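**Student:** Mind looking over this structure? Questions follow.
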Amino acid sequence: MTESGIDYRNVIRIAGAYVAWVMGSGFATGQEILQFFTSYGYYSFILLGINLAGFLIIGPMILEAACANRDNPGYNHFVYFCGRKLGWLYSWFLPISLFAGMIILISGSGATLEEYYGINHYVGALLMAVMALLAYFAGFQRFVRVVSFIGPVIILFSLVVGIVTVVRDADGLMRVNEFTEVMEAKQPVPFWWLSGLLYISYNLCGGSKYYSALGMTGTTPREARIGAVVGTFALMASILLMNSAMLTNIGECGRLDVPTLYLARIIAYPLGAVFSIILIMGIFSSCSAMLWTVSEKFVKQGTAAGRLFATGICIAAFLLGLLPFSGLVGSVYTVLGYIGLVFAGCVAFRRFS
């Protein structure tokens, strides 16, 4: 099970928890992939290459540095990569960005349950807020054990849905340009290459605190790095197939809040039902990680003050999460991506300097 000091069970655990961050409502519902990849048509495949490179350069570096500094109680990954002044600014920006992310996730849970089961949007959003709060009460280590399982399950189902759809509807890839108007309406920014950069930056900057904590659970820096690399390839394979699947059905997917659920449902209704549950699990994994990260900035977990603060955050996120889901994904994630670009550049610079 081990080789050269590497425990591959731990590598898989880290890889699963690594992708679980990205597997939130935007990704799992397909809305995020639809806007940042699929809406650019055939350029989406080039965007995948850009993201593969970006995630391989930046993600493992964050985990590896955290693991190497886990005995340093004053370690701050923003200061480590960006310097004291800029790092301090990012340290205070992070909770704001993650709270915005929580709003999207909670809205996404409401959209998923409403689109498939007809459950009131408010009820679905409330359910997610409560689940995230209970995960926070359980503690970070227990949470990691749960989400390290959720990530691979979502990827497995995404691969199944993607493969079946692409094989069945492959001819749809030849008609993508017939739906230019539908795709353009979903594009978050006018330049396809910028969409690729923003996807990298908002995921890795927003998740950097979580990734640092995850990296510190590795036995060695190399173990943490390998876990991030494995997670990156699994993530990109999933995006590749789901993007291809949505391109084959872009006329329908481009008009939906939860396109992945539509793809699963047209394969088989029971598959759609199972996939809807998995979507909720994916949203839960990201939402809980964000709640933990926001709370950890201000209060100590496990204390009465921490539980009270987390409860307040969940209530506020629930109320704002009643806003329309697809609009939140396009606007909030784009703004967060712009802000995270400098951090991503700092990590890449340190990687090659």
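Chain labels run A, B, ... following the order of the structure tokens; each chain numbers its residues from 1, and ligands are numbered from 1 in the order shown.
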With a distance cut-off of 12 Å and only C-alpha atoms, select the neighbouring residues of Ala224 (chain A), excluding the residue or stretch itself and same-chain residues fewer than 6 positions from it, and output the selection as an MDAnalysis selection string.
**Tutor:** chainID A and resid 6:18 59:68 70 211:218 230:231
**Student:** Tell me, as JSON, numbers by chain, which residues lie within 9 Å of Ile46 (chain A), counting only C-alpha atoms; anything in the same chain fewer than 5 positions away does not count.
**Tutor:** {"A": [51, 193, 196]}
**Student:** Mind dumping the selected residues with C-alpha atoms as a short mmCIF file (atom, residue, chain, number, x, y, z; two decimals), in the first residue's frame?
**Tutor:**
data_model
loop_
_atom_site.label_atom_id
_atom_site.label_comp_id
_atom_site.auth_asym_id
_atom_site.auth_seq_id
_atom_site.Cartn_x
_atom_site.Cartn_y
_atom_site.Cartn_z
CA ASN A 51 -7.52 24.60 -16.98
CA TRP A 193 -9.59 32.50 -23.08
CA GLY A 196 -10.58 29.75 -18.74
#
**Student:** Find the residues around Val153 (chain A) up to 12 Å (only C-alpha atoms counted), leave out those fewer than 5 positions away in its own chain, and share them as an MDAnalysis selection string.
**Tutor:** chainID A and resid 16:17 19:20 23 28 146:148 158:160 234:235 238 274:275 277:282 285
**Student:** Go ahead and dump the residues you just picked, all heavy atoms, as a compact mmCIF listing (two decimals), in the first residue's frame.
**Tutor:**
# COMPACT_ATOMS: atom_id res chain seq x y z
N GLY A 16 -9.83 12.85 -3.49
CA GLY A 16 -11.29 12.94 -3.41
C GLY A 16 -11.75 14.22 -2.75
O GLY A 16 -12.69 14.88 -3.21
N ALA A 17 -11.09 14.60 -1.65
CA ALA A 17 -11.45 15.84 -0.96
C ALA A 17 -11.07 17.06 -1.79
O ALA A 17 -11.73 18.10 -1.74
CB ALA A 17 -10.76 15.89 0.41
N VAL A 19 -11.18 17.38 -5.15
CA VAL A 19 -12.18 17.67 -6.18
C VAL A 19 -13.53 18.01 -5.56
O VAL A 19 -14.37 18.65 -6.19
CB VAL A 19 -12.35 16.49 -7.16
CG1 VAL A 19 -11.06 16.21 -7.89
CG2 VAL A 19 -12.84 15.24 -6.45
N ALA A 20 -13.75 17.60 -4.29
CA ALA A 20 -15.05 17.86 -3.66
C ALA A 20 -15.31 19.35 -3.54
O ALA A 20 -16.47 19.78 -3.57
CB ALA A 20 -15.10 17.20 -2.28
N MET A 23 -16.79 20.49 -6.75
CA MET A 23 -18.06 19.83 -7.06
C MET A 23 -19.24 20.47 -6.33
O MET A 23 -20.04 19.80 -5.68
CB MET A 23 -18.00 18.35 -6.67
CG MET A 23 -16.94 17.57 -7.39
SD MET A 23 -17.33 17.43 -9.13
CE MET A 23 -15.97 16.40 -9.67
N ALA A 28 -21.77 20.60 -10.24
CA ALA A 28 -22.59 19.39 -10.23
C ALA A 28 -23.88 19.56 -11.05
O ALA A 28 -24.34 18.61 -11.68
CB ALA A 28 -22.93 18.99 -8.79
N VAL A 146 -15.97 12.47 4.90
CA VAL A 146 -17.22 12.37 4.16
C VAL A 146 -17.04 12.85 2.72
O VAL A 146 -17.40 12.15 1.77
CB VAL A 146 -18.34 13.19 4.85
CG1 VAL A 146 -19.58 13.23 3.97
CG2 VAL A 146 -18.67 12.57 6.20
N VAL A 147 -16.46 14.05 2.53
CA VAL A 147 -16.37 14.61 1.18
C VAL A 147 -15.35 13.89 0.31
O VAL A 147 -15.43 13.94 -0.91
CB VAL A 147 -16.07 16.13 1.21
CG1 VAL A 147 -17.14 16.88 1.96
CG2 VAL A 147 -14.69 16.41 1.80
N SER A 148 -14.36 13.21 0.92
CA SER A 148 -13.41 12.45 0.11
C SER A 148 -14.11 11.30 -0.58
O SER A 148 -13.63 10.79 -1.60
CB SER A 148 -12.26 11.93 0.99
OG SER A 148 -12.75 11.03 1.98
N SER A 158 -20.84 11.48 -13.30
CA SER A 158 -20.65 12.43 -14.41
C SER A 158 -20.05 11.72 -15.61
O SER A 158 -20.45 11.98 -16.77
CB SER A 158 -19.74 13.58 -13.96
OG SER A 158 -20.32 14.32 -12.91
N LEU A 159 -19.10 10.84 -15.36
CA LEU A 159 -18.48 10.10 -16.45
C LEU A 159 -19.49 9.19 -17.15
O LEU A 159 -19.53 9.12 -18.38
CB LEU A 159 -17.30 9.27 -15.92
CG LEU A 159 -16.09 10.05 -15.41
CD1 LEU A 159 -15.04 9.10 -14.85
CD2 LEU A 159 -15.48 10.91 -16.51
N VAL A 160 -20.32 8.51 -16.36
CA VAL A 160 -21.32 7.61 -16.93
C VAL A 160 -22.31 8.40 -17.79
O VAL A 160 -22.57 8.05 -18.95
CB VAL A 160 -22.08 6.85 -15.82
CG1 VAL A 160 -23.29 6.11 -16.41
CG2 VAL A 160 -21.14 5.86 -15.13
N ALA A 234 -8.76 13.68 -12.61
CA ALA A 234 -10.12 13.16 -12.49
C ALA A 234 -11.13 14.27 -12.76
O ALA A 234 -12.14 14.06 -13.44
CB ALA A 234 -10.33 12.58 -11.09
N LEU A 235 -10.86 15.45 -12.24
CA LEU A 235 -11.75 16.60 -12.42
C LEU A 235 -11.86 16.98 -13.90
O LEU A 235 -12.95 17.18 -14.43
CB LEU A 235 -11.25 17.77 -11.60
CG LEU A 235 -11.99 19.10 -11.76
CD1 LEU A 235 -13.42 18.97 -11.25
CD2 LEU A 235 -11.25 20.22 -11.02
N SER A 238 -13.84 14.57 -16.01
CA SER A 238 -15.27 14.75 -15.78
C SER A 238 -15.80 15.96 -16.55
O SER A 238 -16.85 15.90 -17.19
CB SER A 238 -15.53 14.92 -14.28
OG SER A 238 -16.91 15.07 -14.03
N VAL A 274 -31.41 9.22 -9.07
CA VAL A 274 -30.19 8.95 -8.30
C VAL A 274 -29.21 10.11 -8.45
O VAL A 274 -28.59 10.56 -7.48
CB VAL A 274 -29.53 7.63 -8.77
CG1 VAL A 274 -28.18 7.43 -8.08
CG2 VAL A 274 -30.45 6.45 -8.46
N PHE A 275 -29.08 10.60 -9.67
CA PHE A 275 -28.14 11.69 -9.93
C PHE A 275 -28.54 12.96 -9.18
O PHE A 275 -27.69 13.74 -8.76
CB PHE A 275 -28.05 11.96 -11.43
CG PHE A 275 -26.84 12.74 -11.83
CD1 PHE A 275 -25.57 12.37 -11.41
CD2 PHE A 275 -26.94 13.86 -12.65
CE1 PHE A 275 -24.45 13.09 -11.79
CE2 PHE A 275 -25.83 14.59 -13.03
CZ PHE A 275 -24.57 14.19 -12.59
N ILE A 277 -29.81 13.13 -6.27
CA ILE A 277 -29.31 12.98 -4.90
C ILE A 277 -27.81 13.25 -4.85
O ILE A 277 -27.29 13.90 -3.94
CB ILE A 277 -29.62 11.57 -4.37
CG1 ILE A 277 -31.14 11.36 -4.31
CG2 ILE A 277 -29.00 11.35 -3.00
CD1 ILE A 277 -31.56 9.95 -3.97
N ILE A 278 -27.09 12.75 -5.87
CA ILE A 278 -25.65 12.96 -5.92
C ILE A 278 -25.33 14.44 -6.13
O ILE A 278 -24.34 14.96 -5.58
CB ILE A 278 -25.04 12.10 -7.04
CG1 ILE A 278 -25.19 10.63 -6.66
CG2 ILE A 278 -23.58 12.43 -7.27
CD1 ILE A 278 -24.76 9.66 -7.69
N LEU A 279 -26.15 15.14 -6.90
CA LEU A 279 -25.95 16.58 -7.07
C LEU A 279 -26.05 17.29 -5.72
O LEU A 279 -25.24 18.17 -5.41
CB LEU A 279 -27.00 17.16 -8.02
CG LEU A 279 -26.95 16.74 -9.49
CD1 LEU A 279 -28.01 17.50 -10.27
CD2 LEU A 279 -25.59 16.99 -10.08
N ILE A 280 -27.03 16.92 -4.93
CA ILE A 280 -27.19 17.52 -3.62
C ILE A 280 -25.97 17.23 -2.75
O ILE A 280 -25.49 18.07 -1.99
CB ILE A 280 -28.47 17.01 -2.94
CG1 ILE A 280 -29.70 17.49 -3.72
CG2 ILE A 280 -28.55 17.47 -1.49
CD1 ILE A 280 -29.86 18.99 -3.76
N MET A 281 -25.42 16.01 -2.87
CA MET A 281 -24.20 15.66 -2.11
C MET A 281 -23.03 16.55 -2.53
O MET A 281 -22.23 16.99 -1.70
CB MET A 281 -23.87 14.18 -2.35
CG MET A 281 -24.86 13.21 -1.74
SD MET A 281 -24.60 11.51 -2.32
CE MET A 281 -22.94 11.19 -1.71
N GLY A 282 -22.93 16.81 -3.84
CA GLY A 282 -21.85 17.66 -4.32
C GLY A 282 -21.98 19.08 -3.82
O GLY A 282 -21.00 19.72 -3.43
N SER A 285 -20.93 19.20 -0.22
CA SER A 285 -19.48 19.15 0.03
C SER A 285 -18.85 20.52 -0.08
O SER A 285 -18.05 20.92 0.78
CB SER A 285 -18.82 18.16 -0.95
OG SER A 285 -18.85 18.65 -2.28
**Student:** When distances are computed from only C-alpha atoms, which of A:Ser244, A:Asn69, A:Asn203, A:Ser91 shows the smallest separation from Gly337 (chain A)?
**Tutor:** A:Asn203
**Student:** Of the candidates A:Ile33, A:Ile283, A:Met246, A:Ala348, which shows the shortest atom-to-atom distance to Ile154 (chain A), using only C-alpha atoms?
**Tutor:**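 Checking each of A:Ile33, A:Ile283, A:Met246, A:Ala348 against Ile154 (chain A), counting only C-alpha atoms, the winner is A:Ile283.
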